[in-house]
file work18.tsv (TSV, C-alpha atoms)
chain	number	residue	atom	x	y	z
A	17	MET	CA	-95.36	-119.33	-200.97
A	18	ARG	CA	-97.78	-120.26	-203.70
A	19	GLU	CA	-100.26	-117.66	-202.44
A	20	ILE	CA	-97.66	-114.93	-202.83
A	21	THR	CA	-96.87	-116.01	-206.38
A	22	ASN	CA	-100.58	-116.11	-207.30
A	23	THR	CA	-101.06	-112.69	-205.66
A	24	LYS	CA	-98.14	-111.28	-207.66
A	25	LYS	CA	-99.54	-112.79	-210.85
A	26	LEU	CA	-102.97	-111.36	-210.08
A	27	ALA	CA	-101.49	-107.92	-209.35
A	28	LEU	CA	-99.46	-108.08	-212.56
A	29	LEU	CA	-102.55	-109.10	-214.53
A	30	ILE	CA	-104.64	-106.27	-213.01
A	31	GLY	CA	-101.84	-103.82	-213.75
A	32	MET	CA	-101.66	-104.96	-217.38
A	33	LEU	CA	-105.43	-104.69	-217.73
A	34	LEU	CA	-105.42	-101.16	-216.30
A	35	PHE	CA	-102.54	-100.14	-218.56
A	36	GLY	CA	-104.36	-101.64	-221.55
A	37	ALA	CA	-107.57	-99.81	-220.64
A	38	ILE	CA	-105.74	-96.48	-220.29
A	39	LEU	CA	-103.89	-97.02	-223.58
A	40	SER	CA	-107.14	-97.99	-225.31
A	41	ALA	CA	-108.97	-94.92	-224.02
A	42	HIS	CA	-106.11	-92.66	-225.11
A	43	THR	CA	-105.95	-94.29	-228.57
A	44	THR	CA	-109.73	-94.04	-229.01
A	45	SER	CA	-109.78	-90.35	-228.12
A	46	ALA	CA	-106.82	-89.74	-230.45
A	47	LEU	CA	-108.67	-91.48	-233.28
A	48	GLN	CA	-111.83	-89.48	-232.58
A	49	LEU	CA	-109.77	-86.29	-232.61
A	50	GLN	CA	-108.12	-87.30	-235.88
A	51	GLN	CA	-111.49	-88.08	-237.51
A	52	ASN	CA	-112.97	-84.72	-236.49
A	53	THR	CA	-111.09	-82.53	-238.96
A	54	GLY	CA	-113.60	-79.70	-238.87
A	55	VAL	CA	-114.26	-80.20	-242.60
A	56	ASN	CA	-117.77	-81.35	-243.52
A	57	ILE	CA	-118.80	-82.68	-246.92
A	58	GLU	CA	-122.46	-82.81	-247.94
A	59	LYS	CA	-123.95	-84.04	-251.21
A	60	ILE	CA	-127.48	-83.02	-252.23
A	61	ILE	CA	-129.61	-83.65	-255.33
A	62	SER	CA	-132.43	-81.67	-256.88
A	63	GLU	CA	-134.85	-84.63	-256.92
A	64	GLU	CA	-134.99	-88.20	-255.61
A	65	ILE	CA	-137.46	-89.61	-258.17
A	66	ILE	CA	-136.94	-88.87	-261.87
A	67	ALA	CA	-137.63	-90.45	-265.26
A	68	THR	CA	-135.24	-91.69	-267.92
A	69	GLY	CA	-133.94	-88.74	-269.91
A	70	ASP	CA	-134.45	-86.30	-267.01
A	71	ARG	CA	-131.57	-84.28	-265.64
A	72	LEU	CA	-130.50	-84.06	-262.03
A	73	ASN	CA	-128.44	-81.34	-260.32
A	74	VAL	CA	-125.85	-82.71	-257.88
A	75	THR	CA	-124.20	-80.27	-255.46
A	76	VAL	CA	-121.30	-81.12	-253.18
A	77	THR	CA	-120.67	-78.58	-250.40
A	78	ILE	CA	-117.28	-78.45	-248.69
A	79	SER	CA	-117.43	-76.55	-245.38
A	80	ASN	CA	-114.21	-75.63	-243.60
A	81	GLU	CA	-115.25	-74.96	-239.99
A	82	ASN	CA	-111.65	-74.55	-238.81
A	83	SER	CA	-109.87	-71.37	-237.78
A	84	LEU	CA	-107.18	-72.38	-240.29
A	85	PRO	CA	-107.43	-72.65	-244.08
A	86	ILE	CA	-107.37	-76.02	-245.79
A	87	ARG	CA	-105.06	-76.39	-248.77
A	88	ASN	CA	-104.72	-78.50	-251.92
A	89	VAL	CA	-108.37	-79.48	-251.77
A	90	GLU	CA	-109.33	-82.16	-254.27
A	91	LEU	CA	-112.92	-83.32	-254.84
A	92	ILE	CA	-113.39	-86.71	-256.49
A	93	ASP	CA	-116.91	-87.95	-257.16
A	94	THR	CA	-118.40	-90.80	-259.19
A	95	VAL	CA	-121.78	-91.62	-260.70
A	96	PRO	CA	-123.29	-95.03	-261.53
A	97	ASP	CA	-123.45	-96.23	-265.14
A	98	ALA	CA	-127.18	-95.37	-265.12
A	99	PHE	CA	-126.20	-91.69	-265.44
A	100	LEU	CA	-124.30	-89.55	-267.93
A	101	VAL	CA	-122.55	-86.34	-266.87
A	102	VAL	CA	-123.89	-83.61	-269.20
A	103	SER	CA	-122.50	-80.49	-267.51
A	104	GLY	CA	-119.73	-79.84	-265.00
A	105	SER	CA	-117.08	-82.21	-263.72
A	106	LEU	CA	-116.75	-85.04	-261.22
A	107	ILE	CA	-113.26	-83.83	-260.25
A	108	GLU	CA	-112.40	-80.35	-258.98
A	109	PHE	CA	-109.39	-78.74	-257.28
A	110	TRP	CA	-108.99	-75.66	-255.08
A	111	THR	CA	-105.65	-74.34	-253.88
A	112	VAL	CA	-107.15	-73.07	-250.63
A	113	ILE	CA	-110.49	-72.88	-248.83
A	114	ASP	CA	-110.26	-70.24	-246.14
A	115	GLU	CA	-111.26	-70.67	-242.52
A	116	PHE	CA	-115.03	-70.78	-241.92
A	117	GLU	CA	-115.67	-70.81	-245.70
A	118	SER	CA	-117.97	-73.11	-247.67
A	119	ILE	CA	-117.67	-73.90	-251.37
A	120	ASN	CA	-120.34	-75.49	-253.58
A	121	HIS	CA	-119.53	-77.59	-256.62
A	122	THR	CA	-122.44	-78.49	-258.92
A	123	TYR	CA	-122.66	-80.78	-261.92
A	124	ILE	CA	-125.61	-82.11	-263.94
A	125	ILE	CA	-126.28	-85.75	-264.76
A	126	GLU	CA	-128.88	-87.32	-267.06
A	127	ALA	CA	-130.76	-90.50	-266.16
A	128	ARG	CA	-130.21	-93.30	-268.70
A	129	ASN	CA	-131.43	-96.53	-267.06
A	130	SER	CA	-134.46	-97.11	-264.87
A	131	GLY	CA	-134.20	-98.61	-261.40
A	132	ASN	CA	-132.98	-97.64	-257.94
A	133	HIS	CA	-129.44	-96.30	-257.91
A	134	THR	CA	-127.00	-95.13	-255.24
A	135	LEU	CA	-124.90	-92.03	-255.68
A	136	GLU	CA	-121.81	-93.01	-253.71
A	137	ALA	CA	-120.04	-90.64	-251.32
A	138	ALA	CA	-117.88	-87.90	-252.79
A	139	GLU	CA	-114.33	-87.93	-251.50
A	140	VAL	CA	-112.42	-84.78	-250.55
A	141	ARG	CA	-108.67	-84.84	-249.93
A	142	PHE	CA	-106.98	-81.86	-248.31
A	143	GLU	CA	-104.18	-80.60	-246.12
A	144	LEU	CA	-104.78	-78.98	-242.74
A	145	ASP	CA	-101.90	-77.59	-240.72
A	146	GLY	CA	-99.38	-79.62	-242.74
A	147	GLU	CA	-101.19	-82.98	-242.40
A	148	SER	CA	-103.16	-84.80	-245.12
A	149	PHE	CA	-106.76	-85.87	-244.55
A	150	THR	CA	-109.62	-87.45	-246.48
A	151	GLU	CA	-113.31	-86.86	-245.74
A	152	ARG	CA	-116.35	-88.39	-247.44
A	153	SER	CA	-119.86	-87.08	-248.01
A	154	ASN	CA	-123.15	-88.85	-247.51
A	155	THR	CA	-124.55	-91.27	-250.10
A	156	LEU	CA	-127.89	-90.67	-251.85
A	157	GLU	CA	-130.58	-92.87	-253.36
A	158	VAL	CA	-132.23	-92.01	-256.69
A	159	SER	CA	-135.16	-93.80	-258.28
A	160	ILE	CA	-135.35	-93.61	-262.08
A	161	GLU	CA	-138.69	-94.48	-263.66
A	162	THR	CA	-139.07	-95.43	-267.32
A	163	LYS	CA	-140.55	-92.61	-269.37
A	164	LEU	CA	-143.07	-94.23	-271.72
A	165	TRP	CA	-143.62	-91.24	-274.04
A	166	THR	CA	-141.37	-88.33	-274.79
A	167	PRO	CA	-143.18	-85.21	-276.04
A	168	PRO	CA	-141.83	-83.43	-279.14
A	169	GLN	CA	-138.91	-81.08	-278.57
A	170	GLY	CA	-140.05	-77.69	-277.23
A	171	SER	CA	-143.65	-78.64	-276.47
A	172	ILE	CA	-143.14	-78.64	-272.72
A	173	GLU	CA	-141.55	-75.20	-272.76
A	174	ASN	CA	-144.44	-73.52	-274.61
A	175	PRO	CA	-147.59	-75.69	-274.77
A	176	SER	CA	-149.83	-72.77	-275.79
A	177	ALA	CA	-147.71	-72.21	-278.94
A	178	ILE	CA	-148.10	-75.88	-279.84
A	179	PHE	CA	-151.90	-75.66	-279.32
A	180	LEU	CA	-152.01	-72.49	-281.44
A	181	GLY	CA	-149.91	-74.03	-284.23
A	182	VAL	CA	-151.66	-77.39	-284.32
A	183	TYR	CA	-155.31	-76.42	-283.81
A	184	ILE	CA	-156.07	-72.70	-284.16
A	185	LEU	CA	-153.96	-71.59	-287.13
A	186	PRO	CA	-155.21	-74.29	-289.53
A	187	VAL	CA	-158.84	-73.48	-288.65
A	188	VAL	CA	-158.23	-69.74	-289.15
A	189	GLY	CA	-156.48	-70.51	-292.47
A	190	LEU	CA	-159.43	-72.58	-293.59
A	191	ILE	CA	-161.92	-69.80	-292.71
A	192	VAL	CA	-159.82	-67.15	-294.47
A	193	GLY	CA	-159.56	-69.39	-297.53
A	194	ILE	CA	-163.33	-69.91	-297.63
A	195	VAL	CA	-163.95	-66.14	-297.31
A	196	ILE	CA	-161.53	-65.36	-300.19
A	197	ILE	CA	-163.10	-68.00	-302.45
A	198	ALA	CA	-166.63	-66.78	-301.59
A	199	ARG	CA	-165.69	-63.14	-302.45
A	200	LYS	CA	-164.19	-64.15	-305.80
A	201	LYS	CA	-167.41	-66.00	-306.76
A	202	SER	CA	-169.63	-63.04	-305.97
call {"tool": "encode", "arguments": {"input": "work18.tsv", "output": "structure tokens"}}
result
Amino acid sequence: MREITNTKKLALLIGMLLFGAILSAHTTSALQLQQNTGVNIEKIISEEIIATGDRLNVTVTISNENSLPIRNVELIDTVPDAFLVVSGSLIEFWTVIDEFESINHTYIIEARNSGNHTLEAAEVRFELDGESFTERSNTLEVSIETKLWTPPQGSIENPSAIFLGVYILPVVGLIVGIVIIARKKS
């Protein structure tokens, strides 16, 4: 009699384990399906190593790879305290991004503090077929080096004009002055 009871318990245990395994596999595939929204978010930067005072372009691309539009799309990004946003916005909203469409959002930040800094993932919230989803982009690493000397304003844009103004024009002025004085004496 005991053998029958143990056999029933073993059968019940095996049945529960099989049911649990089937339920787990179904739940895992449902979660994987839910996570694959067909919306990809990618963050890129113009440079990975910059100096204090330099500016960096940050572009977040939202790609809707679905055959349906996504609606009420909200981009929310952040930057570390080592940066200052000088152009553009960290928050953007689109009413709709059509099927198989990609949208780029760019803003410019300026490096304030040296060191290695992480640009955290941008977050995008949206609706797809009546359901709400959130996707995140990749994170990025930026190294900011201390700039020891900052050239005068405008010198980088036109170094030949600076050379002309600082070295050539004074010499030419001196020569012209000497020629005028020499003519007046003769």
call {"tool": "atom_distance", "arguments": {"input": "work18.tsv", "atom1": "atom CA of A:Ser79", "atom2": "atom CA of A:Val95"}}
result
21.9 Å
call {"tool": "residues_around", "arguments": {"input": "work18.tsv", "residues": "A:Pro96", "least_positions_apart": "6", "cutoff": "8 Å", "atoms": "all atoms listed in the file", "output": "MDAnalysis selection string"}}
result
chainID A and resid 133:135
call {"tool": "write_last_selection", "arguments": {"input": "work18.tsv", "atoms": "C-alpha atoms", "output": "PDB file, keeping the file's coordinate frame"}}
result
ATOM      1  CA  HIS A 133    -129.440 -96.300-257.910  1.00  0.00           C
ATOM      2  CA  THR A 134    -127.000 -95.130-255.240  1.00  0.00           C
ATOM      3  CA  LEU A 135    -124.900 -92.030-255.680  1.00  0.00           C
TER       4      LEU A 135
END
call {"tool": "closest_residue", "arguments": {"input": "work18.tsv", "among": "A:Leu185, A:Ile65, A:Ile197, A:Ile78", "to": "A:Glu157", "atoms": "all atoms listed in the file"}}
result
A:Ile65
call {"tool": "residues_around", "arguments": {"input": "work18.tsv", "residues": "A:Asn132", "least_positions_apart": "5", "cutoff": "7 Å", "atoms": "all atoms listed in the file", "output": "JSON, numbers by chain"}}
result
{"A": [158, 159, 160]}
call {"tool": "atom_distance", "arguments": {"input": "work18.tsv", "atom1": "atom CA of A:Glu115", "atom2": "atom CA of A:Gly146"}}
result
14.9 Å
call {"tool": "residues_around", "arguments": {"input": "work18.tsv", "residues": "A:Leu106", "least_positions_apart": "2", "cutoff": "10 Å", "atoms": "only C-alpha atoms", "output": "list of chain:residue names"}}
result
A:Val74, A:Leu91, A:Ile92, A:Asp93, A:Thr94, A:Val95, A:Val101, A:Ser103, A:Gly104, A:Glu108, A:His121, A:Thr122, A:Tyr123, A:Ile124, A:Ala138
call {"tool": "closest_residue", "arguments": {"input": "work18.tsv", "among": "A:Ile86, A:Ile184, A:Leu72, A:Ile66", "to": "A:Gly131", "atoms": "all atoms listed in the file"}}
result
A:Ile66
